[in-house]
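Chemist: File query.pdb follows (PDB, C-alpha atoms):
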```pdb
ATOM      1  CA  MET A   1      96.356  -4.818 -21.042
ATOM      2  CA  ASN A   2      94.242  -1.771 -21.841
ATOM      3  CA  ARG A   3      95.529   1.799 -21.958
ATOM      4  CA  LEU A   4      94.713   2.605 -18.317
ATOM      5  CA  ALA A   5      96.474  -0.564 -17.160
ATOM      6  CA  TRP A   6      99.594   0.376 -19.116
ATOM      7  CA  LEU A   7      99.561   3.894 -17.664
ATOM      8  CA  LEU A   8      99.286   2.471 -14.149
ATOM      9  CA  PHE A   9     102.045  -0.019 -14.949
ATOM     10  CA  VAL A  10     104.386   2.776 -15.995
ATOM     11  CA  LEU A  11     103.446   4.913 -12.972
ATOM     12  CA  VAL A  12     104.084   2.118 -10.466
ATOM     13  CA  SER A  13     107.323   1.167 -12.219
ATOM     14  CA  VAL A  14     108.598   4.729 -11.851
ATOM     15  CA  LEU A  15     107.455   5.178  -8.261
ATOM     16  CA  TRP A  16     108.911   1.839  -7.185
ATOM     17  CA  GLY A  17     112.151   2.442  -9.055
ATOM     18  CA  VAL A  18     112.959   5.307  -6.677
ATOM     19  CA  PRO A  19     112.612   3.826  -3.122
ATOM     20  CA  TYR A  20     115.935   1.957  -3.010
ATOM     21  CA  PHE A  21     117.775   5.248  -3.447
ATOM     22  CA  LEU A  22     115.555   7.078  -0.955
ATOM     23  CA  ILE A  23     115.847   4.303   1.628
ATOM     24  CA  LYS A  24     119.635   4.531   1.467
ATOM     25  CA  ILE A  25     119.386   8.256   2.266
ATOM     26  CA  ALA A  26     116.817   7.838   5.043
ATOM     27  CA  ILE A  27     118.624   5.081   6.949
ATOM     28  CA  GLU A  28     121.726   7.233   7.208
ATOM     29  CA  ASP A  29     120.036   9.027  10.129
ATOM     30  CA  LEU A  30     116.886   7.014  10.866
ATOM     31  CA  SER A  31     116.418   3.409  11.991
ATOM     32  CA  PRO A  32     114.942   1.013   9.409
ATOM     33  CA  VAL A  33     111.818   0.347  11.474
ATOM     34  CA  LEU A  34     111.257   4.081  11.916
ATOM     35  CA  VAL A  35     111.572   4.568   8.151
ATOM     36  CA  VAL A  36     108.930   1.920   7.442
ATOM     37  CA  ALA A  37     106.532   3.136  10.157
ATOM     38  CA  GLY A  38     107.093   6.748   9.138
ATOM     39  CA  ARG A  39     106.415   6.228   5.432
ATOM     40  CA  THR A  40     103.196   4.286   6.111
ATOM     41  CA  ALA A  41     102.009   6.855   8.670
ATOM     42  CA  ILE A  42     102.574   9.631   6.112
ATOM     43  CA  ALA A  43     100.758   7.610   3.436
ATOM     44  CA  ALA A  44      97.792   7.016   5.744
ATOM     45  CA  ALA A  45      97.622  10.711   6.649
ATOM     46  CA  VAL A  46      97.514  11.610   2.951
ATOM     47  CA  LEU A  47      94.925   9.019   1.957
ATOM     48  CA  ILE A  48      92.437   9.109   4.837
ATOM     49  CA  PRO A  49      90.973  12.493   3.780
ATOM     50  CA  ILE A  50      90.710  11.260   0.176
ATOM     51  CA  ALA A  51      88.895   8.081   1.209
ATOM     52  CA  LEU A  52      86.595  10.058   3.504
ATOM     53  CA  ALA A  53      85.760  12.507   0.723
ATOM     54  CA  ARG A  54      84.907   9.635  -1.627
ATOM     55  CA  GLY A  55      82.945   7.792   1.066
ATOM     56  CA  THR A  56      84.744   4.516   0.421
ATOM     57  CA  LEU A  57      85.991   3.635   3.903
ATOM     58  CA  GLY A  58      82.763   1.740   4.518
ATOM     59  CA  ALA A  59      84.082  -0.933   2.164
ATOM     60  CA  LEU A  60      86.500  -1.979   4.916
ATOM     61  CA  ARG A  61      83.655  -2.927   7.262
ATOM     62  CA  GLY A  62      83.840  -6.633   8.011
ATOM     63  CA  ARG A  63      87.117  -6.999   6.065
ATOM     64  CA  LEU A  64      89.605  -6.338   8.885
ATOM     65  CA  ARG A  65      91.034  -9.854   8.778
ATOM     66  CA  VAL A  66      91.763  -9.728   5.040
ATOM     67  CA  VAL A  67      93.128  -6.175   5.157
ATOM     68  CA  THR A  68      95.385  -7.056   8.097
ATOM     69  CA  LEU A  69      96.716 -10.119   6.268
ATOM     70  CA  ILE A  70      97.452  -8.059   3.145
ATOM     71  CA  ALA A  71      99.115  -5.367   5.268
ATOM     72  CA  MET A  72     101.387  -7.944   6.858
ATOM     73  CA  VAL A  73     102.510  -9.643   3.637
ATOM     74  CA  HIS A  74     102.540  -6.562   1.381
ATOM     75  CA  ILE A  75     103.956  -3.890   3.688
ATOM     76  CA  VAL A  76     105.019  -4.901   7.200
ATOM     77  CA  VAL A  77     107.130  -7.907   6.252
ATOM     78  CA  PRO A  78     108.628  -6.887   2.858
ATOM     79  CA  PHE A  79     109.174  -3.184   3.643
ATOM     80  CA  THR A  80     110.957  -4.084   6.878
ATOM     81  CA  LEU A  81     113.039  -6.846   5.291
ATOM     82  CA  ILE A  82     114.125  -4.648   2.385
ATOM     83  CA  THR A  83     114.984  -1.688   4.609
ATOM     84  CA  TYR A  84     117.101  -3.820   6.937
ATOM     85  CA  GLY A  85     118.528  -5.824   4.049
ATOM     86  CA  GLU A  86     119.783  -2.706   2.272
ATOM     87  CA  GLN A  87     122.120  -2.110   5.188
ATOM     88  CA  HIS A  88     124.183  -5.077   4.021
ATOM     89  CA  ILE A  89     123.826  -5.418   0.233
ATOM     90  CA  SER A  90     124.065  -3.226  -2.830
ATOM     91  CA  SER A  91     121.074  -1.707  -4.546
ATOM     92  CA  SER A  92     121.937  -3.691  -7.687
ATOM     93  CA  LEU A  93     121.524  -7.001  -5.894
ATOM     94  CA  THR A  94     118.340  -5.703  -4.291
ATOM     95  CA  GLY A  95     116.929  -5.032  -7.748
ATOM     96  CA  ILE A  96     117.744  -8.554  -8.936
ATOM     97  CA  LEU A  97     116.219 -10.265  -5.916
ATOM     98  CA  ILE A  98     113.019  -8.188  -5.961
ATOM     99  CA  ALA A  99     112.682  -9.080  -9.646
ATOM    100  CA  VAL A 100     112.058 -12.679  -8.558
ATOM    101  CA  GLU A 101     108.454 -11.627  -7.791
ATOM    102  CA  PRO A 102     106.904 -12.238 -11.255
ATOM    103  CA  VAL A 103     108.459 -15.701 -11.363
ATOM    104  CA  ALA A 104     107.157 -16.475  -7.862
ATOM    105  CA  ILE A 105     103.652 -15.303  -8.811
ATOM    106  CA  ALA A 106     103.673 -17.405 -11.965
ATOM    107  CA  LEU A 107     104.723 -20.514 -10.032
ATOM    108  CA  LEU A 108     102.196 -19.944  -7.251
ATOM    109  CA  LEU A 109      99.399 -19.526  -9.805
ATOM    110  CA  SER A 110     100.548 -22.311 -12.129
ATOM    111  CA  ARG A 111      97.625 -24.587 -11.208
ATOM    112  CA  THR A 112      94.887 -22.048 -11.932
ATOM    113  CA  GLU A 113      96.734 -20.053 -14.608
ATOM    114  CA  PRO A 114      98.999 -22.503 -16.504
ATOM    115  CA  LEU A 115     102.249 -21.098 -17.829
ATOM    116  CA  THR A 116     102.288 -21.000 -21.609
ATOM    117  CA  PRO A 117     105.624 -21.441 -23.399
ATOM    118  CA  LEU A 118     105.441 -17.805 -24.515
ATOM    119  CA  ARG A 119     104.913 -16.448 -21.002
ATOM    120  CA  THR A 120     107.598 -18.744 -19.590
ATOM    121  CA  ALA A 121     110.051 -17.444 -22.163
ATOM    122  CA  GLY A 122     109.055 -13.882 -21.315
ATOM    123  CA  LEU A 123     109.667 -14.408 -17.590
ATOM    124  CA  VAL A 124     113.080 -15.950 -18.221
ATOM    125  CA  ILE A 125     114.133 -13.270 -20.727
ATOM    126  CA  GLY A 126     112.934 -10.438 -18.484
ATOM    127  CA  PHE A 127     114.786 -11.777 -15.446
ATOM    128  CA  ALA A 128     117.926 -12.250 -17.535
ATOM    129  CA  GLY A 129     117.610  -8.608 -18.559
ATOM    130  CA  VAL A 130     117.531  -7.507 -14.915
ATOM    131  CA  VAL A 131     120.711  -9.485 -14.199
ATOM    132  CA  VAL A 132     122.475  -8.031 -17.247
ATOM    133  CA  LEU A 133     121.278  -4.512 -16.411
ATOM    134  CA  VAL A 134     122.314  -4.235 -12.782
ATOM    135  CA  GLY A 135     124.917  -6.981 -12.484
ATOM    136  CA  LEU A 136     125.419  -9.313  -9.552
ATOM    137  CA  ASP A 137     127.219  -8.028  -6.472
ATOM    138  CA  VAL A 138     126.964  -9.893  -3.185
ATOM    139  CA  SER A 139     129.701 -10.190  -0.625
ATOM    140  CA  GLY A 140     130.590 -13.592   0.710
ATOM    141  CA  ASP A 141     130.346 -12.543   4.350
ATOM    142  CA  GLY A 142     127.455 -13.521   6.588
ATOM    143  CA  TYR A 143     125.905 -10.076   6.669
ATOM    144  CA  GLY A 144     125.822  -9.831   2.891
ATOM    145  CA  LEU A 145     124.156 -13.216   2.591
ATOM    146  CA  LEU A 146     121.734 -12.294   5.370
ATOM    147  CA  GLY A 147     120.772  -9.092   3.556
ATOM    148  CA  ALA A 148     120.263 -10.988   0.296
ATOM    149  CA  GLY A 149     118.093 -13.526   2.083
ATOM    150  CA  MET A 150     115.960 -10.758   3.584
ATOM    151  CA  VAL A 151     115.289  -9.164   0.203
ATOM    152  CA  LEU A 152     114.525 -12.534  -1.415
ATOM    153  CA  LEU A 153     111.947 -13.262   1.301
ATOM    154  CA  ALA A 154     110.496  -9.805   0.700
ATOM    155  CA  ALA A 155     110.064 -10.591  -3.009
ATOM    156  CA  ILE A 156     108.210 -13.814  -2.196
ATOM    157  CA  SER A 157     106.039 -11.932   0.300
ATOM    158  CA  TYR A 158     105.198  -9.379  -2.412
ATOM    159  CA  ALA A 159     104.152 -12.217  -4.717
ATOM    160  CA  VAL A 160     101.801 -13.713  -2.125
ATOM    161  CA  ALA A 161     100.334 -10.274  -1.371
ATOM    162  CA  THR A 162      99.680  -9.536  -5.040
ATOM    163  CA  MET A 163      97.699 -12.762  -5.340
ATOM    164  CA  LEU A 164      95.756 -12.023  -2.147
ATOM    165  CA  VAL A 165      94.700  -8.597  -3.413
ATOM    166  CA  GLN A 166      93.422 -10.104  -6.656
ATOM    167  CA  ARG A 167      91.550 -12.964  -4.981
ATOM    168  CA  LYS A 168      90.330 -11.449  -1.703
ATOM    169  CA  ALA A 169      90.210  -7.666  -2.053
ATOM    170  CA  SER A 170      89.623  -6.740  -5.692
ATOM    171  CA  ASP A 171      86.213  -5.334  -4.751
ATOM    172  CA  ILE A 172      87.641  -2.882  -2.193
ATOM    173  CA  PRO A 173      88.288   0.622  -3.634
ATOM    174  CA  PRO A 174      92.074   1.202  -3.928
ATOM    175  CA  GLU A 175      92.106   4.261  -1.639
ATOM    176  CA  ALA A 176      90.189   2.386   1.082
ATOM    177  CA  LEU A 177      92.424  -0.685   0.819
ATOM    178  CA  THR A 178      95.558   1.470   0.934
ATOM    179  CA  VAL A 179      94.263   3.332   3.989
ATOM    180  CA  GLY A 180      93.549   0.015   5.687
ATOM    181  CA  THR A 181      96.945  -1.539   4.952
ATOM    182  CA  THR A 182      98.970   1.558   5.843
ATOM    183  CA  VAL A 183      97.050   2.167   9.091
ATOM    184  CA  VAL A 184      97.489  -1.466  10.146
ATOM    185  CA  THR A 185     101.204  -1.283   9.343
ATOM    186  CA  THR A 186     101.636   1.933  11.319
ATOM    187  CA  VAL A 187      99.844   0.487  14.348
ATOM    188  CA  VAL A 188     101.950  -2.689  14.245
ATOM    189  CA  LEU A 189     105.323  -0.978  13.833
ATOM    190  CA  LEU A 190     104.851   2.256  15.796
ATOM    191  CA  PRO A 191     105.786   0.747  19.214
ATOM    192  CA  PHE A 192     109.046  -0.567  17.759
ATOM    193  CA  ALA A 193     109.734   2.709  15.944
ATOM    194  CA  LEU A 194     109.323   4.708  19.165
ATOM    195  CA  LEU A 195     112.070   2.593  20.721
ATOM    196  CA  ARG A 196     114.434   3.543  17.887
ATOM    197  CA  LEU A 197     114.005   7.302  17.731
ATOM    198  CA  PRO A 198     117.146   9.169  16.592
ATOM    199  CA  SER A 199     119.410  10.391  19.378
ATOM    200  CA  GLU A 200     121.245  12.862  17.126
ATOM    201  CA  PRO A 201     120.019  15.583  14.736
ATOM    202  CA  VAL A 202     118.487  14.250  11.518
ATOM    203  CA  SER A 203     119.504  15.791   8.203
ATOM    204  CA  THR A 204     117.037  17.544   5.926
ATOM    205  CA  ASP A 205     117.861  14.984   3.237
ATOM    206  CA  ALA A 206     116.768  12.112   5.473
ATOM    207  CA  TRP A 207     113.462  13.798   6.379
ATOM    208  CA  SER A 208     112.832  14.695   2.733
ATOM    209  CA  ALA A 209     113.530  11.121   1.653
ATOM    210  CA  LEU A 210     111.073   9.836   4.266
ATOM    211  CA  VAL A 211     108.327  12.217   3.092
ATOM    212  CA  ALA A 212     108.883  11.224  -0.541
ATOM    213  CA  LEU A 213     108.764   7.554   0.437
ATOM    214  CA  GLY A 214     105.472   8.111   2.232
ATOM    215  CA  VAL A 215     103.639  10.296  -0.268
ATOM    216  CA  LEU A 216     104.899   9.043  -3.627
ATOM    217  CA  CYS A 217     106.391   5.587  -3.146
ATOM    218  CA  THR A 218     103.746   4.363  -0.691
ATOM    219  CA  ALA A 219     100.458   6.296  -0.950
ATOM    220  CA  VAL A 220     100.367   6.987  -4.691
ATOM    221  CA  ALA A 221     102.189   3.794  -5.686
ATOM    222  CA  LEU A 222      99.924   1.485  -3.670
ATOM    223  CA  LEU A 223      96.809   3.210  -5.005
ATOM    224  CA  ALA A 224      97.985   2.627  -8.555
ATOM    225  CA  PHE A 225      99.211  -0.913  -7.898
ATOM    226  CA  TYR A 226      95.989  -2.163  -6.293
ATOM    227  CA  ARG A 227      94.030  -0.772  -9.240
ATOM    228  CA  LEU A 228      96.482  -2.349 -11.683
ATOM    229  CA  ILE A 229      95.969  -5.788 -10.096
ATOM    230  CA  VAL A 230      92.218  -5.517 -10.678
ATOM    231  CA  LEU A 231      92.659  -4.417 -14.287
ATOM    232  CA  ALA A 232      95.492  -6.678 -15.388
ATOM    233  CA  GLY A 233      95.721  -9.562 -12.919
ATOM    234  CA  SER A 234      98.483 -10.441 -10.488
ATOM    235  CA  ASN A 235     100.811 -12.023 -13.062
ATOM    236  CA  ARG A 236     101.061  -8.889 -15.162
ATOM    237  CA  ALA A 237     101.029  -6.465 -12.250
ATOM    238  CA  GLY A 238     104.014  -8.277 -10.748
ATOM    239  CA  LEU A 239     106.076  -7.466 -13.840
ATOM    240  CA  VAL A 240     106.674  -3.952 -12.491
ATOM    241  CA  THR A 241     109.633  -5.386 -10.588
ATOM    242  CA  TYR A 242     111.328  -6.095 -13.919
ATOM    243  CA  VAL A 243     111.074  -2.432 -14.872
ATOM    244  CA  ASN A 244     112.089  -0.912 -11.526
ATOM    245  CA  PRO A 245     115.849  -1.379 -12.109
ATOM    246  CA  VAL A 246     115.496   0.328 -15.492
ATOM    247  CA  VAL A 247     113.883   3.330 -13.825
ATOM    248  CA  ALA A 248     116.561   3.446 -11.135
ATOM    249  CA  LEU A 249     119.290   3.353 -13.775
ATOM    250  CA  MET A 250     117.650   6.061 -15.893
ATOM    251  CA  LEU A 251     117.427   8.297 -12.830
ATOM    252  CA  GLY A 252     121.154   7.816 -12.390
ATOM    253  CA  VAL A 253     121.771   8.810 -15.997
ATOM    254  CA  VAL A 254     119.559  11.913 -15.781
ATOM    255  CA  LEU A 255     120.425  13.092 -12.267
ATOM    256  CA  LEU A 256     123.968  11.798 -11.790
ATOM    257  CA  ASN A 257     125.241  11.883 -15.390
ATOM    258  CA  GLU A 258     126.026   8.165 -15.326
ATOM    259  CA  GLU A 259     127.011   6.606 -18.647
ATOM    260  CA  ILE A 260     124.974   4.050 -20.601
ATOM    261  CA  GLY A 261     127.045   1.089 -21.756
ATOM    262  CA  ALA A 262     126.428  -1.916 -23.961
ATOM    263  CA  ALA A 263     125.249  -4.007 -20.975
ATOM    264  CA  THR A 264     122.700  -1.321 -20.142
ATOM    265  CA  LEU A 265     121.221  -1.331 -23.614
ATOM    266  CA  ALA A 266     121.208  -5.135 -23.775
ATOM    267  CA  GLY A 267     119.547  -5.441 -20.374
ATOM    268  CA  PHE A 268     116.923  -2.867 -21.263
ATOM    269  CA  ALA A 269     116.120  -4.649 -24.536
ATOM    270  CA  LEU A 270     115.762  -8.012 -22.755
ATOM    271  CA  ILE A 271     113.449  -6.539 -20.116
ATOM    272  CA  VAL A 272     111.204  -4.904 -22.717
ATOM    273  CA  ALA A 273     111.060  -8.140 -24.710
ATOM    274  CA  GLY A 274     110.353 -10.188 -21.590
ATOM    275  CA  CYS A 275     107.537  -7.914 -20.441
ATOM    276  CA  TRP A 276     105.991  -7.911 -23.909
ATOM    277  CA  LEU A 277     106.028 -11.716 -24.147
ATOM    278  CA  SER A 278     104.759 -12.146 -20.584
ATOM    279  CA  THR A 279     101.755  -9.895 -21.175
ATOM    280  CA  ARG A 280     100.526 -11.630 -24.321
ATOM    281  CA  PRO A 281      96.922 -12.803 -23.796
ATOM    282  CA  ALA A 282      96.402 -16.525 -23.485
ATOM    283  CA  ARG A 283      93.900 -18.132 -25.841
ATOM    284  CA  VAL A 284      91.166 -19.346 -23.504
ATOM    285  CA  PRO A 285      87.416 -19.660 -23.953
ATOM    286  CA  ALA A 286      85.576 -16.416 -23.331
ATOM    287  CA  GLY A 287      83.574 -17.990 -20.496
ATOM    288  CA  GLU A 288      86.755 -18.599 -18.501
ATOM    289  CA  LEU A 289      87.839 -14.988 -18.449
ATOM    290  CA  HIS A 290      87.060 -13.496 -15.044
ATOM    291  CA  LEU A 291      89.332 -10.479 -14.994
ATOM    292  CA  VAL A 292      89.932  -7.939 -17.717
ATOM    293  CA  GLY A 293      93.290  -8.604 -19.371
ATOM    294  CA  GLN A 294      94.169 -11.550 -17.101
ATOM    295  CA  ASP A 295      95.887 -14.618 -18.541
TER     296      ASP A 295
END
```
Take the structure from the file and write it as structure tokens.
Modeler:
Amino acid sequence: MNRLAWLLFVLVSVLWGVPYFLIKIAIEDLSPVLVVAGRTAIAAAVLIPIALARGTLGALRGRLRVVTLIAMVHIVVPFTLITYGEQHISSSLTGILIAVEPVAIALLLSRTEPLTPLRTAGLVIGFAGVVVLVGLDVSGDGYGLLGAGMVLLAAISYAVATMLVQRKASDIPPEALTVGTTVVTTVVLLPFALLRLPSEPVSTDAWSALVALGVLCTAVALLAFYRLIVLAGSNRAGLVTYVNPVVALMLGVVLLNEEIGAATLAGFALIVAGCWLSTRPARVPAGELHLVGQD
């Protein structure tokens, strides 16, 4: 990947390492569907003026079907599943299950982008690092298993969406695509959100978490992620889910004074090694390369 792709990779990894914590705060006082609809509405409100100023909204003309499909599989379905799922499982298990995304992408693309032994090893090592880093904690009750199932489905939905963006929408400017997907999501979920308005006062922390989710973890993160897919391809872009748990843990160390143990260091080393191996360029004829930095 080139320098810009790596910068975007780091940015998305940081911004998507924060939401699990913010979601936990927001759903203390707000319903999950209201959190999802609220964060996408905020993101749309932030990005519409930017897209208008750049004159890129015209790129959405005639692309409503594709944008709606991407909105459903990249935001509506996974955001809702994760937000509801986090009511029943720990954030550590959430991190592990979301980290299935790079593996799912690799398998879905195996016919057109064959897995090399090096990339396969990288995927396995990186996933092992996530497990070592955050541990495995799922209760045996039905609700815990239901929550885990929701997050796993969300990870698969993310994988499908990442491929769709690369194949069907790589020519749409990121700010226009993000406006389209967030507006569609808001329209779809708003009726349900209005039925679940809070009946009691909402804390400042919950509102602040929702705003941060909308501005940083949705608007800015999606802008960067859609651009990253174009620059690096869906396989490499999906690797951000390996780094997210690292970011979440580092935030805990910096903000909550949590300790770093041997498992933390081992998990971090495995993730770095896995990402490095998984992003090695495949040796293919120059005529077959159709995306910069794509395997």
Chemist: Mind giving me the straight-line distance from atom CA of Ala159 of chain A to atom CA of Ile98 of chain A in Å, one decimal?
Modeler: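 It comes out at 9.8 Å.
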Chemist: Taking (91.6, -4.0, 7.8) in the file's own coordinates, collect the residues within 12 Å, counting only C-alpha atoms, and hand them back as number ranges by chain.
Modeler: A: 57-72, 169, 172, 176-185, 187
Chemist: Rounded to one decimal, what separation in Å do you get between atom CA of Ala155 of chain A and atom CA of Val73 of chain A?
Modeler: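 Distance reported for this atom pair: 10.1 Å.
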Chemist: For a test of reading the model, state the distance in Å between atom CA of Gly233 of chain A and atom CA of Thr83 of chain A, rounded to one decimal.
Modeler: 27.2 Å
Chemist: Using all atoms listed in the file, give me every residue within 10 Å of (95.8, 4.2, 1.8) in file coordinates, as number ranges by chain.
Modeler: A: 40-51, 173-183, 218-223
Chemist: Could you list the residues chosen by the PyMOL selection byres ((chain A and resi 197-204) around 9) in this structure as a list in words?
Modeler: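 Applied to this file, the PyMOL selection byres ((chain A and resi 197-204) around 9) selects Ala26, Glu28, Asp29, Leu30, Ser31, Leu34, Ala193, Leu194, Leu195, Arg196, Asp205, Ala206, Trp207, Ser208 and Ala209 of chain A.
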Chemist: Which segment 170-244 of chain A residues have any atom within 7 Å of an atom of segment 4-22 of chain A, and for each, what is the nearest pair of atoms with distance in Å to one decimal, counting all atoms listed in the file, rows sorted by chain and number, as CSV?
Modeler:
```
residue,atom,partner,partner_atom,distance
A:Ala209,CA,A:Leu22,CA,5.2
A:Leu213,CA,A:Pro19,CA,6.4
A:Leu216,CA,A:Leu15,CA,6.6
A:Cys217,CA,A:Leu15,CA,5.2
A:Ala221,CA,A:Val12,CA,5.4
A:Ala224,CA,A:Leu8,CA,5.7
A:Phe225,CA,A:Val12,CA,6.3
A:Leu228,CA,A:Ala5,CA,5.8
A:Leu231,CA,A:Ala5,CA,6.1
A:Ala232,CA,A:Ala5,CA,6.4
A:Val240,CA,A:Ser13,CA,5.2
A:Val243,CA,A:Ser13,CA,5.8
A:Asn244,CA,A:Gly17,CA,4.2
```
Chemist: Using all atoms listed in the file, find the one residue out of A:Leu145, A:Val33, A:Leu277, A:Ile25 that sits nearest to Leu123 of chain A.
Modeler: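 Closest residue, counting all atoms listed in the file: A:Leu277.
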Chemist: Out of A:Arg227, A:Arg39, A:Arg3, A:Arg167, which residue has the shortest atom-to-atom distance to Ala212 of chain A when counting all atoms listed in the file?
Modeler: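 Closest to Ala212 of chain A of all the choices is A:Arg39.
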Chemist: Using the chain letters and numbers from this file, what does the PyMOL selection byres ((chain A and resi 84-87) around 9) select? Give the answer as a list in words.
Modeler: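 Applied to this file, the PyMOL selection byres ((chain A and resi 84-87) around 9) selects Tyr20, Ile23, Lys24, Ile27, Ser31, Pro32, Val33, Phe79, Thr80, Leu81, Ile82, Thr83, His88, Ile89, Ser90, Ser91, Thr94, Tyr143, Gly144, Leu146, Gly147, Ala148, Gly149, Met150 and Val151 of chain A.
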Chemist: Residues of the last selection are to be written out with C-alpha atoms, as a CSV table (one decimal), in the coordinates of the input.
Modeler:
```
chain,number,residue,atom,x,y,z
A,20,TYR,CA,115.9,2.0,-3.0
A,23,ILE,CA,115.8,4.3,1.6
A,24,LYS,CA,119.6,4.5,1.5
A,27,ILE,CA,118.6,5.1,6.9
A,31,SER,CA,116.4,3.4,12.0
A,32,PRO,CA,114.9,1.0,9.4
A,33,VAL,CA,111.8,0.3,11.5
A,79,PHE,CA,109.2,-3.2,3.6
A,80,THR,CA,111.0,-4.1,6.9
A,81,LEU,CA,113.0,-6.8,5.3
A,82,ILE,CA,114.1,-4.6,2.4
A,83,THR,CA,115.0,-1.7,4.6
A,88,HIS,CA,124.2,-5.1,4.0
A,89,ILE,CA,123.8,-5.4,0.2
A,90,SER,CA,124.1,-3.2,-2.8
A,91,SER,CA,121.1,-1.7,-4.5
A,94,THR,CA,118.3,-5.7,-4.3
A,143,TYR,CA,125.9,-10.1,6.7
A,144,GLY,CA,125.8,-9.8,2.9
A,146,LEU,CA,121.7,-12.3,5.4
A,147,GLY,CA,120.8,-9.1,3.6
A,148,ALA,CA,120.3,-11.0,0.3
A,149,GLY,CA,118.1,-13.5,2.1
A,150,MET,CA,116.0,-10.8,3.6
A,151,VAL,CA,115.3,-9.2,0.2
```
